[in-house]
$ cat upload.cif   # mmCIF, N, CA and C atoms and all ligand atoms
data_query
loop_
_atom_site.label_atom_id
_atom_site.label_comp_id
_atom_site.auth_asym_id
_atom_site.auth_seq_id
_atom_site.Cartn_x
_atom_site.Cartn_y
_atom_site.Cartn_z
N MET N 768 -10.46 -19.52 11.42
CA MET N 768 -10.04 -18.12 11.36
C MET N 768 -8.52 -18.04 11.15
N ALA N 769 -8.08 -17.04 10.45
CA ALA N 769 -6.65 -16.91 10.15
C ALA N 769 -5.85 -16.59 11.41
N ALA N 770 -4.59 -16.98 11.39
CA ALA N 770 -3.72 -16.67 12.52
C ALA N 770 -3.50 -15.16 12.60
N PRO N 771 -3.42 -14.63 13.82
CA PRO N 771 -3.21 -13.18 13.93
C PRO N 771 -1.85 -12.78 13.33
N ARG N 772 -1.85 -11.61 12.71
CA ARG N 772 -0.59 -11.14 12.13
C ARG N 772 0.34 -10.65 13.22
N ARG N 773 1.61 -10.96 13.06
CA ARG N 773 2.60 -10.55 14.05
C ARG N 773 2.76 -9.04 13.99
N ARG N 774 2.76 -8.44 15.16
CA ARG N 774 2.93 -7.00 15.22
C ARG N 774 4.42 -6.67 15.05
N VAL N 775 4.72 -5.79 14.11
CA VAL N 775 6.10 -5.41 13.85
C VAL N 775 6.44 -4.21 14.72
N THR N 776 7.48 -4.33 15.50
CA THR N 776 7.90 -3.22 16.34
C THR N 776 9.05 -2.47 15.68
N VAL N 777 9.30 -1.27 16.15
CA VAL N 777 10.34 -0.43 15.55
C VAL N 777 11.69 -1.15 15.56
N SER N 778 11.95 -1.88 16.63
CA SER N 778 13.25 -2.54 16.73
C SER N 778 13.43 -3.66 15.70
N ASP N 779 12.29 -4.12 15.13
CA ASP N 779 12.37 -5.17 14.12
C ASP N 779 12.84 -4.61 12.76
N VAL N 780 12.68 -3.32 12.58
CA VAL N 780 12.96 -2.71 11.28
C VAL N 780 14.34 -2.06 11.30
N ASP N 781 15.15 -2.43 10.35
CA ASP N 781 16.47 -1.84 10.26
C ASP N 781 16.38 -0.56 9.43
N HIS N 782 16.37 0.56 10.11
CA HIS N 782 16.19 1.83 9.41
C HIS N 782 17.39 2.22 8.56
N ALA N 783 18.51 1.52 8.73
CA ALA N 783 19.68 1.83 7.92
C ALA N 783 19.51 1.34 6.49
N ASP N 784 18.53 0.49 6.28
CA ASP N 784 18.34 -0.10 4.96
C ASP N 784 17.33 0.64 4.09
N VAL N 785 17.16 1.93 4.34
CA VAL N 785 16.16 2.68 3.58
C VAL N 785 16.46 2.67 2.08
N HIS N 786 17.74 2.70 1.73
CA HIS N 786 18.09 2.68 0.31
C HIS N 786 17.73 1.33 -0.31
N ASP N 787 17.84 0.27 0.49
CA ASP N 787 17.41 -1.04 0.01
C ASP N 787 15.91 -1.05 -0.25
N VAL N 788 15.16 -0.36 0.61
CA VAL N 788 13.71 -0.26 0.42
C VAL N 788 13.43 0.41 -0.91
N ALA N 789 14.13 1.51 -1.18
CA ALA N 789 13.93 2.24 -2.44
C ALA N 789 14.24 1.35 -3.64
N GLU N 790 15.32 0.59 -3.54
CA GLU N 790 15.68 -0.30 -4.65
C GLU N 790 14.59 -1.35 -4.88
N ARG N 791 14.09 -1.90 -3.78
CA ARG N 791 13.03 -2.92 -3.89
C ARG N 791 11.77 -2.32 -4.50
N LEU N 792 11.43 -1.10 -4.09
CA LEU N 792 10.24 -0.44 -4.63
C LEU N 792 10.41 -0.18 -6.13
N LYS N 793 11.61 0.23 -6.53
CA LYS N 793 11.87 0.50 -7.95
C LYS N 793 11.73 -0.76 -8.79
N GLU N 794 12.13 -1.90 -8.21
CA GLU N 794 12.10 -3.17 -8.95
C GLU N 794 10.69 -3.76 -9.03
N MET N 795 9.80 -3.28 -8.18
CA MET N 795 8.42 -3.80 -8.14
C MET N 795 7.69 -3.57 -9.44
N SER N 796 6.73 -4.44 -9.73
CA SER N 796 5.92 -4.26 -10.93
C SER N 796 5.09 -2.98 -10.80
N THR N 797 4.70 -2.44 -11.93
CA THR N 797 3.87 -1.24 -11.95
C THR N 797 2.58 -1.46 -11.16
N ALA N 798 2.00 -2.65 -11.31
CA ALA N 798 0.75 -2.96 -10.59
C ALA N 798 0.97 -2.86 -9.08
N TYR N 799 2.05 -3.43 -8.58
CA TYR N 799 2.31 -3.40 -7.14
C TYR N 799 2.58 -1.97 -6.68
N GLN N 800 3.33 -1.23 -7.48
CA GLN N 800 3.61 0.17 -7.11
C GLN N 800 2.31 0.96 -7.02
N MET N 801 1.43 0.76 -8.00
CA MET N 801 0.17 1.51 -8.00
C MET N 801 -0.69 1.15 -6.80
N CYS N 802 -0.79 -0.13 -6.49
CA CYS N 802 -1.62 -0.55 -5.36
C CYS N 802 -1.06 -0.06 -4.03
N ARG N 803 0.24 0.17 -3.98
CA ARG N 803 0.85 0.68 -2.76
C ARG N 803 0.81 2.20 -2.69
N ASP N 804 0.51 2.85 -3.81
CA ASP N 804 0.44 4.31 -3.87
C ASP N 804 -0.92 4.74 -3.32
N SER N 805 -0.92 5.64 -2.32
CA SER N 805 -2.18 6.04 -1.68
C SER N 805 -3.14 6.75 -2.63
N ASP N 806 -2.66 7.24 -3.76
CA ASP N 806 -3.57 7.85 -4.74
C ASP N 806 -4.36 6.81 -5.51
N TYR N 807 -3.85 5.60 -5.58
CA TYR N 807 -4.55 4.54 -6.31
C TYR N 807 -5.14 3.49 -5.37
N ARG N 808 -4.32 2.93 -4.54
CA ARG N 808 -4.70 1.80 -3.67
C ARG N 808 -5.23 0.63 -4.50
N HIS N 809 -5.77 -0.38 -3.82
CA HIS N 809 -6.24 -1.57 -4.53
C HIS N 809 -7.53 -1.28 -5.30
N SER N 810 -7.77 -2.07 -6.30
CA SER N 810 -8.98 -1.98 -7.11
C SER N 810 -9.81 -3.25 -6.87
N TRP N 811 -10.62 -3.23 -5.80
CA TRP N 811 -11.32 -4.44 -5.36
C TRP N 811 -12.48 -4.80 -6.28
N ARG N 812 -12.58 -6.10 -6.54
CA ARG N 812 -13.70 -6.66 -7.30
C ARG N 812 -14.26 -7.83 -6.48
N PRO N 813 -15.59 -8.03 -6.47
CA PRO N 813 -16.16 -9.11 -5.68
C PRO N 813 -15.77 -10.48 -6.21
N LEU N 814 -15.49 -11.39 -5.28
CA LEU N 814 -15.14 -12.76 -5.64
C LEU N 814 -16.24 -13.70 -5.13
N THR N 815 -16.46 -13.69 -3.79
CA THR N 815 -17.55 -14.47 -3.22
C THR N 815 -18.17 -13.70 -2.06
N ALA N 816 -19.42 -14.00 -1.74
CA ALA N 816 -20.10 -13.44 -0.58
C ALA N 816 -21.01 -14.53 -0.04
N ASN N 817 -20.72 -15.00 1.17
CA ASN N 817 -21.46 -16.13 1.74
C ASN N 817 -21.92 -15.85 3.16
N ILE N 818 -23.03 -16.47 3.51
CA ILE N 818 -23.52 -16.43 4.88
C ILE N 818 -23.16 -17.77 5.51
N ASN N 819 -22.39 -17.72 6.59
CA ASN N 819 -21.97 -18.94 7.28
C ASN N 819 -23.11 -19.51 8.13
N ASP N 820 -22.95 -20.75 8.54
CA ASP N 820 -23.98 -21.41 9.36
C ASP N 820 -24.27 -20.65 10.65
N ASP N 821 -23.24 -19.99 11.19
CA ASP N 821 -23.44 -19.23 12.44
C ASP N 821 -24.00 -17.83 12.19
N GLY N 822 -24.33 -17.52 10.95
CA GLY N 822 -24.94 -16.23 10.64
C GLY N 822 -23.95 -15.15 10.24
N THR N 823 -22.67 -15.41 10.47
CA THR N 823 -21.68 -14.42 10.09
C THR N 823 -21.59 -14.36 8.56
N ARG N 824 -21.15 -13.23 8.08
CA ARG N 824 -21.01 -13.02 6.64
C ARG N 824 -19.54 -12.96 6.28
N GLU N 825 -19.20 -13.59 5.17
CA GLU N 825 -17.81 -13.56 4.69
C GLU N 825 -17.81 -13.10 3.25
N ARG N 826 -17.10 -12.00 3.02
CA ARG N 826 -16.99 -11.49 1.66
C ARG N 826 -15.52 -11.55 1.25
N VAL N 827 -15.28 -12.11 0.08
CA VAL N 827 -13.93 -12.21 -0.45
C VAL N 827 -13.85 -11.36 -1.72
N MET N 828 -12.83 -10.50 -1.77
CA MET N 828 -12.62 -9.62 -2.91
C MET N 828 -11.21 -9.83 -3.44
N ARG N 829 -11.02 -9.53 -4.70
CA ARG N 829 -9.67 -9.63 -5.26
C ARG N 829 -9.37 -8.34 -6.01
N CYS N 830 -8.14 -7.89 -5.85
CA CYS N 830 -7.70 -6.69 -6.56
C CYS N 830 -7.47 -7.06 -8.03
N SER N 831 -8.13 -6.32 -8.91
CA SER N 831 -8.02 -6.63 -10.34
C SER N 831 -6.64 -6.28 -10.89
N ARG N 832 -5.88 -5.51 -10.14
CA ARG N 832 -4.56 -5.08 -10.62
C ARG N 832 -3.44 -5.99 -10.11
N CYS N 833 -3.38 -6.22 -8.79
CA CYS N 833 -2.25 -6.96 -8.23
C CYS N 833 -2.62 -8.38 -7.77
N ARG N 834 -3.92 -8.69 -7.76
CA ARG N 834 -4.42 -10.02 -7.39
C ARG N 834 -4.39 -10.31 -5.89
N THR N 835 -4.16 -9.30 -5.06
CA THR N 835 -4.29 -9.49 -3.62
C THR N 835 -5.73 -9.90 -3.32
N VAL N 836 -5.90 -10.82 -2.35
CA VAL N 836 -7.23 -11.27 -1.96
C VAL N 836 -7.52 -10.75 -0.54
N LYS N 837 -8.66 -10.11 -0.40
CA LYS N 837 -9.08 -9.55 0.89
C LYS N 837 -10.33 -10.29 1.35
N THR N 838 -10.31 -10.74 2.61
CA THR N 838 -11.45 -11.45 3.17
C THR N 838 -11.95 -10.70 4.40
N ARG N 839 -13.21 -10.31 4.36
CA ARG N 839 -13.81 -9.65 5.52
C ARG N 839 -14.87 -10.56 6.11
N LEU N 840 -14.71 -10.81 7.41
CA LEU N 840 -15.70 -11.58 8.16
C LEU N 840 -16.47 -10.59 9.01
N MET N 841 -17.81 -10.62 8.92
CA MET N 841 -18.61 -9.67 9.67
C MET N 841 -19.81 -10.35 10.30
N THR N 842 -20.38 -9.66 11.29
CA THR N 842 -21.58 -10.19 11.94
C THR N 842 -22.78 -10.00 11.00
N ALA N 843 -23.90 -10.54 11.40
CA ALA N 843 -25.14 -10.38 10.62
C ALA N 843 -25.55 -8.91 10.54
N TYR N 844 -24.98 -8.08 11.43
CA TYR N 844 -25.29 -6.65 11.44
C TYR N 844 -24.23 -5.82 10.71
N GLY N 845 -23.26 -6.51 10.12
CA GLY N 845 -22.24 -5.80 9.34
C GLY N 845 -21.04 -5.34 10.13
N HIS N 846 -20.99 -5.67 11.42
CA HIS N 846 -19.83 -5.27 12.23
C HIS N 846 -18.65 -6.18 11.89
N THR N 847 -17.50 -5.59 11.65
CA THR N 847 -16.32 -6.35 11.24
C THR N 847 -15.78 -7.22 12.37
N ILE N 848 -15.57 -8.48 12.06
CA ILE N 848 -14.93 -9.41 13.00
C ILE N 848 -13.45 -9.49 12.67
N SER N 849 -13.14 -9.63 11.40
CA SER N 849 -11.74 -9.67 10.99
C SER N 849 -11.62 -9.32 9.50
N VAL N 850 -10.44 -8.83 9.16
CA VAL N 850 -10.10 -8.57 7.76
C VAL N 850 -8.71 -9.15 7.55
N THR N 851 -8.59 -10.00 6.55
CA THR N 851 -7.29 -10.59 6.25
C THR N 851 -6.94 -10.36 4.79
N TYR N 852 -5.66 -10.33 4.51
CA TYR N 852 -5.17 -10.11 3.15
C TYR N 852 -4.23 -11.25 2.78
N LYS N 853 -4.33 -11.69 1.56
CA LYS N 853 -3.38 -12.66 1.03
C LYS N 853 -2.72 -12.00 -0.17
N TYR N 854 -1.45 -11.68 0.03
CA TYR N 854 -0.73 -10.92 -1.00
C TYR N 854 -0.02 -11.84 -1.98
N PRO N 855 0.09 -11.40 -3.23
CA PRO N 855 0.84 -12.20 -4.20
C PRO N 855 2.34 -12.14 -3.88
N GLU N 856 3.06 -13.12 -4.37
CA GLU N 856 4.50 -13.18 -4.15
C GLU N 856 5.16 -11.89 -4.65
N GLY N 857 6.01 -11.33 -3.80
CA GLY N 857 6.75 -10.14 -4.20
C GLY N 857 6.07 -8.83 -3.87
N TYR N 858 4.83 -8.89 -3.40
CA TYR N 858 4.12 -7.64 -3.08
C TYR N 858 4.67 -7.03 -1.79
N GLN N 859 4.88 -7.88 -0.79
CA GLN N 859 5.37 -7.39 0.49
C GLN N 859 6.89 -7.30 0.48
N LEU N 860 7.41 -6.31 1.19
CA LEU N 860 8.86 -6.18 1.31
C LEU N 860 9.27 -6.92 2.57
N LYS N 861 9.53 -8.20 2.42
CA LYS N 861 9.84 -9.03 3.58
C LYS N 861 11.11 -8.54 4.27
N GLY N 862 11.02 -8.45 5.60
CA GLY N 862 12.17 -8.05 6.39
C GLY N 862 12.27 -6.56 6.64
N PHE N 863 11.38 -5.77 6.02
CA PHE N 863 11.46 -4.33 6.18
C PHE N 863 10.36 -3.76 7.07
N GLY N 864 9.32 -4.52 7.35
CA GLY N 864 8.23 -3.98 8.14
C GLY N 864 7.43 -2.98 7.31
N PRO N 865 6.53 -2.24 7.97
CA PRO N 865 5.73 -1.27 7.24
C PRO N 865 6.60 -0.12 6.72
N LEU N 866 6.18 0.47 5.61
CA LEU N 866 6.93 1.59 5.04
C LEU N 866 6.77 2.82 5.93
N ASP N 867 7.88 3.53 6.17
CA ASP N 867 7.78 4.76 6.93
C ASP N 867 7.37 5.90 5.99
N GLU N 868 7.20 7.09 6.52
CA GLU N 868 6.69 8.21 5.73
C GLU N 868 7.62 8.55 4.56
N THR N 869 8.93 8.50 4.80
CA THR N 869 9.88 8.81 3.74
C THR N 869 9.76 7.81 2.59
N ALA N 870 9.61 6.54 2.95
CA ALA N 870 9.47 5.51 1.91
C ALA N 870 8.14 5.65 1.17
N ARG N 871 7.10 6.00 1.91
CA ARG N 871 5.79 6.21 1.25
C ARG N 871 5.84 7.41 0.31
N ASP N 872 6.53 8.48 0.74
CA ASP N 872 6.69 9.65 -0.13
C ASP N 872 7.47 9.26 -1.38
N TYR N 873 8.52 8.47 -1.19
CA TYR N 873 9.32 8.04 -2.33
C TYR N 873 8.47 7.22 -3.30
N LEU N 874 7.67 6.32 -2.75
CA LEU N 874 6.81 5.48 -3.59
C LEU N 874 5.83 6.32 -4.40
N ARG N 875 5.27 7.35 -3.76
CA ARG N 875 4.32 8.24 -4.45
C ARG N 875 5.03 8.98 -5.58
N LEU N 876 6.26 9.43 -5.32
CA LEU N 876 7.00 10.15 -6.35
C LEU N 876 7.42 9.21 -7.48
N LEU N 877 7.77 8.00 -7.12
CA LEU N 877 8.10 6.97 -8.11
C LEU N 877 6.90 6.75 -9.04
N SER N 878 5.74 6.63 -8.45
CA SER N 878 4.51 6.42 -9.20
C SER N 878 4.18 7.65 -10.06
N PHE N 879 4.37 8.83 -9.47
CA PHE N 879 4.13 10.07 -10.22
C PHE N 879 5.04 10.15 -11.44
N ASN N 880 6.32 9.89 -11.21
CA ASN N 880 7.29 9.97 -12.31
C ASN N 880 6.92 9.01 -13.44
N ARG N 881 6.44 7.81 -13.06
CA ARG N 881 6.03 6.86 -14.09
C ARG N 881 4.85 7.44 -14.88
N ASP N 882 3.86 8.02 -14.17
CA ASP N 882 2.71 8.61 -14.84
C ASP N 882 3.13 9.75 -15.76
N ALA N 883 4.18 10.48 -15.33
CA ALA N 883 4.64 11.65 -16.09
C ALA N 883 5.66 11.26 -17.16
N GLY N 884 6.01 9.99 -17.25
CA GLY N 884 6.97 9.54 -18.25
C GLY N 884 8.41 9.90 -17.90
N LEU N 885 8.68 10.07 -16.60
CA LEU N 885 10.03 10.43 -16.14
C LEU N 885 10.74 9.20 -15.57
N ASP N 886 12.06 9.30 -15.45
CA ASP N 886 12.84 8.23 -14.83
C ASP N 886 12.51 8.15 -13.34
N ALA N 887 12.84 7.02 -12.72
CA ALA N 887 12.64 6.86 -11.28
C ALA N 887 13.46 7.91 -10.54
N PRO N 888 12.88 8.52 -9.51
CA PRO N 888 13.60 9.55 -8.74
C PRO N 888 14.71 8.97 -7.88
N GLU N 889 15.61 9.84 -7.47
CA GLU N 889 16.65 9.43 -6.52
C GLU N 889 15.98 9.23 -5.16
N TYR N 890 16.66 8.47 -4.30
CA TYR N 890 16.15 8.29 -2.95
C TYR N 890 17.09 8.93 -1.96
N PRO N 891 16.63 9.59 -0.88
CA PRO N 891 15.21 9.78 -0.56
C PRO N 891 14.59 10.90 -1.38
N ALA N 892 13.27 10.87 -1.48
CA ALA N 892 12.57 11.86 -2.28
C ALA N 892 12.83 13.27 -1.77
N SER N 893 13.14 13.41 -0.47
CA SER N 893 13.33 14.75 0.09
C SER N 893 14.57 15.43 -0.48
N SER N 894 15.46 14.64 -1.13
CA SER N 894 16.66 15.25 -1.71
C SER N 894 16.37 15.83 -3.10
N VAL N 895 15.17 15.55 -3.61
CA VAL N 895 14.78 16.08 -4.91
C VAL N 895 14.32 17.51 -4.73
N THR N 896 14.72 18.38 -5.65
CA THR N 896 14.32 19.78 -5.57
C THR N 896 12.80 19.88 -5.61
N PRO N 897 12.20 20.54 -4.63
CA PRO N 897 10.74 20.62 -4.62
C PRO N 897 10.20 21.39 -5.83
N ILE N 898 9.08 20.96 -6.32
CA ILE N 898 8.43 21.65 -7.43
C ILE N 898 7.71 22.85 -6.86
N THR N 899 7.97 24.03 -7.42
CA THR N 899 7.32 25.23 -6.89
C THR N 899 5.85 25.22 -7.28
N ALA N 900 5.04 25.79 -6.40
CA ALA N 900 3.60 25.82 -6.62
C ALA N 900 3.28 26.58 -7.90
N ALA N 901 2.28 26.09 -8.61
CA ALA N 901 1.87 26.74 -9.85
C ALA N 901 1.41 28.17 -9.57
N LYS N 902 1.64 29.06 -10.52
CA LYS N 902 1.28 30.46 -10.36
C LYS N 902 -0.21 30.59 -10.04
N GLY N 903 -0.50 31.39 -9.03
CA GLY N 903 -1.90 31.60 -8.68
C GLY N 903 -2.41 30.62 -7.64
N LYS N 904 -1.63 29.59 -7.38
CA LYS N 904 -2.05 28.64 -6.35
C LYS N 904 -1.21 28.86 -5.11
N ARG N 905 -1.86 28.96 -3.99
CA ARG N 905 -1.17 29.21 -2.73
C ARG N 905 -0.81 27.88 -2.09
N ASN N 906 0.34 27.92 -1.44
CA ASN N 906 0.74 26.75 -0.68
C ASN N 906 -0.04 26.72 0.62
N ARG N 907 -0.89 25.73 0.76
CA ARG N 907 -1.75 25.66 1.94
C ARG N 907 -1.28 24.55 2.84
N LYS N 908 0.00 24.55 3.08
CA LYS N 908 0.61 23.50 3.91
C LYS N 908 -0.09 23.45 5.27
N GLY N 909 -0.35 22.23 5.69
CA GLY N 909 -0.95 22.04 6.99
C GLY N 909 -2.47 22.00 6.96
N ARG N 910 -3.04 22.38 5.81
CA ARG N 910 -4.51 22.33 5.70
C ARG N 910 -4.88 21.18 4.79
N ARG N 911 -5.93 20.53 5.13
CA ARG N 911 -6.39 19.40 4.32
C ARG N 911 -7.79 19.65 3.81
ZN ZN L 1001 -3.91 -4.32 -5.71
#

$ encode --input "upload.cif" --output "structure tokens" --more "lines below"
Ligand SMILES: [Zn+2]
Amino acid sequence: MAAPRRRVTVSDVDHADVHDVAERLKEMSTAYQMCRDSDYRHSWRPLTANINDDGTRERVMRCSRCRTVKTRLMTAYGHTISVTYKYPEGYQLKGFGPLDETARDYLRLLSFNRDAGLDAPEYPASSVTPITAAKGKRNRKGRR
């Protein structure tokens, strides 16, 4: 079984380096940006599916876009025992910990701008003038 992933605490992340995060995200390949964008996420394809001697099931999938490999180990009843990811070089932002909400918003806008054929946005995204809601559409902030 894979070694447990180290839990990143707030104190491990230098929040002063948010602009560095933006620069790193801008430099990332389109594939990595898309897989990190919550509108796209990974595009999993089956790689292997095996039943182990102890009856547990192991399914390995690979993202067709970024080549990340995901391994899920489950019981014979489908209950998850563990899920591990093996990321390609350069996918993870080493030393920054998980992306905070501002960075995730920036990444989404970066991805949007690429889809729209626009230049990369300034960071942070909150400094960008908000796009007004299209006529006839109400702002339903807070509702999902
Ligand atoms: Zn991916």

$ atom_distance --input "upload.cif" --atom1 "atom CA of N:Ile848" --atom2 "atom CA of N:Gln800"
29.0 Å

$ residues_near_ligand --input "upload.cif" --ligand "ligand ZN 1001 (chain L)" --cutoff "7 Å" --atoms "only N, CA and C atoms and all ligand atoms" --output "PyMOL selection string"
chain N and resi 798-799+801-803+808-811+829-835

$ atom_distance --input "upload.cif" --atom1 "atom C of N:Thr838" --atom2 "atom N of N:Arg824"
10.2 Å

$ atom_distance --input "upload.cif" --atom1 "atom C of N:Asn819" --atom2 "atom CA of N:Val836"
20.5 Å

$ closest_residue --input "upload.cif" --among "N:Val850, N:Leu860, N:Leu877, N:Leu885" --to "N:Val788" --atoms "only N, CA and C atoms"
N:Leu860

$ residues_near_point --input "upload.cif" --point "(4.1, 0.6, -7.4)" --cutoff "12 Å" --atoms "only C-alpha atoms" --output "ChimeraX atom specification"
/N:789-809,832-833,857-859,870-882,887

$ write_last_selection --input "upload.cif" --atoms "N, CA and C atoms" --output "short mmCIF file (atom, residue, chain, number, x, y, z; two decimals), keeping the file's coordinate frame"
data_model
loop_
_atom_site.label_atom_id
_atom_site.label_comp_id
_atom_site.auth_asym_id
_atom_site.auth_seq_id
_atom_site.Cartn_x
_atom_site.Cartn_y
_atom_site.Cartn_z
N ALA N 789 14.13 1.51 -1.18
CA ALA N 789 13.93 2.24 -2.44
C ALA N 789 14.24 1.35 -3.64
N GLU N 790 15.32 0.59 -3.54
CA GLU N 790 15.68 -0.30 -4.65
C GLU N 790 14.59 -1.35 -4.88
N ARG N 791 14.09 -1.90 -3.78
CA ARG N 791 13.03 -2.92 -3.89
C ARG N 791 11.77 -2.32 -4.50
N LEU N 792 11.43 -1.10 -4.09
CA LEU N 792 10.24 -0.44 -4.63
C LEU N 792 10.41 -0.18 -6.13
N LYS N 793 11.61 0.23 -6.53
CA LYS N 793 11.87 0.50 -7.95
C LYS N 793 11.73 -0.76 -8.79
N GLU N 794 12.13 -1.90 -8.21
CA GLU N 794 12.10 -3.17 -8.95
C GLU N 794 10.69 -3.76 -9.03
N MET N 795 9.80 -3.28 -8.18
CA MET N 795 8.42 -3.80 -8.14
C MET N 795 7.69 -3.57 -9.44
N SER N 796 6.73 -4.44 -9.73
CA SER N 796 5.92 -4.26 -10.93
C SER N 796 5.09 -2.98 -10.80
N THR N 797 4.70 -2.44 -11.93
CA THR N 797 3.87 -1.24 -11.95
C THR N 797 2.58 -1.46 -11.16
N ALA N 798 2.00 -2.65 -11.31
CA ALA N 798 0.75 -2.96 -10.59
C ALA N 798 0.97 -2.86 -9.08
N TYR N 799 2.05 -3.43 -8.58
CA TYR N 799 2.31 -3.40 -7.14
C TYR N 799 2.58 -1.97 -6.68
N GLN N 800 3.33 -1.23 -7.48
CA GLN N 800 3.61 0.17 -7.11
C GLN N 800 2.31 0.96 -7.02
N MET N 801 1.43 0.76 -8.00
CA MET N 801 0.17 1.51 -8.00
C MET N 801 -0.69 1.15 -6.80
N CYS N 802 -0.79 -0.13 -6.49
CA CYS N 802 -1.62 -0.55 -5.36
C CYS N 802 -1.06 -0.06 -4.03
N ARG N 803 0.24 0.17 -3.98
CA ARG N 803 0.85 0.68 -2.76
C ARG N 803 0.81 2.20 -2.69
N ASP N 804 0.51 2.85 -3.81
CA ASP N 804 0.44 4.31 -3.87
C ASP N 804 -0.92 4.74 -3.32
N SER N 805 -0.92 5.64 -2.32
CA SER N 805 -2.18 6.04 -1.68
C SER N 805 -3.14 6.75 -2.63
N ASP N 806 -2.66 7.24 -3.76
CA ASP N 806 -3.57 7.85 -4.74
C ASP N 806 -4.36 6.81 -5.51
N TYR N 807 -3.85 5.60 -5.58
CA TYR N 807 -4.55 4.54 -6.31
C TYR N 807 -5.14 3.49 -5.37
N ARG N 808 -4.32 2.93 -4.54
CA ARG N 808 -4.70 1.80 -3.67
C ARG N 808 -5.23 0.63 -4.50
N HIS N 809 -5.77 -0.38 -3.82
CA HIS N 809 -6.24 -1.57 -4.53
C HIS N 809 -7.53 -1.28 -5.30
N ARG N 832 -5.88 -5.51 -10.14
CA ARG N 832 -4.56 -5.08 -10.62
C ARG N 832 -3.44 -5.99 -10.11
N CYS N 833 -3.38 -6.22 -8.79
CA CYS N 833 -2.25 -6.96 -8.23
C CYS N 833 -2.62 -8.38 -7.77
N GLY N 857 6.01 -11.33 -3.80
CA GLY N 857 6.75 -10.14 -4.20
C GLY N 857 6.07 -8.83 -3.87
N TYR N 858 4.83 -8.89 -3.40
CA TYR N 858 4.12 -7.64 -3.08
C TYR N 858 4.67 -7.03 -1.79
N GLN N 859 4.88 -7.88 -0.79
CA GLN N 859 5.37 -7.39 0.49
C GLN N 859 6.89 -7.30 0.48
N ALA N 870 9.61 6.54 2.95
CA ALA N 870 9.47 5.51 1.91
C ALA N 870 8.14 5.65 1.17
N ARG N 871 7.10 6.00 1.91
CA ARG N 871 5.79 6.21 1.25
C ARG N 871 5.84 7.41 0.31
N ASP N 872 6.53 8.48 0.74
CA ASP N 872 6.69 9.65 -0.13
C ASP N 872 7.47 9.26 -1.38
N TYR N 873 8.52 8.47 -1.19
CA TYR N 873 9.32 8.04 -2.33
C TYR N 873 8.47 7.22 -3.30
N LEU N 874 7.67 6.32 -2.75
CA LEU N 874 6.81 5.48 -3.59
C LEU N 874 5.83 6.32 -4.40
N ARG N 875 5.27 7.35 -3.76
CA ARG N 875 4.32 8.24 -4.45
C ARG N 875 5.03 8.98 -5.58
N LEU N 876 6.26 9.43 -5.32
CA LEU N 876 7.00 10.15 -6.35
C LEU N 876 7.42 9.21 -7.48
N LEU N 877 7.77 8.00 -7.12
CA LEU N 877 8.10 6.97 -8.11
C LEU N 877 6.90 6.75 -9.04
N SER N 878 5.74 6.63 -8.45
CA SER N 878 4.51 6.42 -9.20
C SER N 878 4.18 7.65 -10.06
N PHE N 879 4.37 8.83 -9.47
CA PHE N 879 4.13 10.07 -10.22
C PHE N 879 5.04 10.15 -11.44
N ASN N 880 6.32 9.89 -11.21
CA ASN N 880 7.29 9.97 -12.31
C ASN N 880 6.92 9.01 -13.44
N ARG N 881 6.44 7.81 -13.06
CA ARG N 881 6.03 6.86 -14.09
C ARG N 881 4.85 7.44 -14.88
N ASP N 882 3.86 8.02 -14.17
CA ASP N 882 2.71 8.61 -14.84
C ASP N 882 3.13 9.75 -15.76
N ALA N 887 12.84 7.02 -12.72
CA ALA N 887 12.64 6.86 -11.28
C ALA N 887 13.46 7.91 -10.54
#

$ residues_around --input "upload.cif" --residues "N:Ser849" --least-positions-apart "5" --cutoff "8 Å" --atoms "only C-alpha atoms" --output "list in words"
Arg839, Leu840 and Met841 of chain N

$ select_by_dssp --input "upload.cif" --residues "stretch 813-899 of chain N" --states "helix (DSSP H, G or I)" --output "PyMOL selection string"
chain N and resi 868-882+892-894
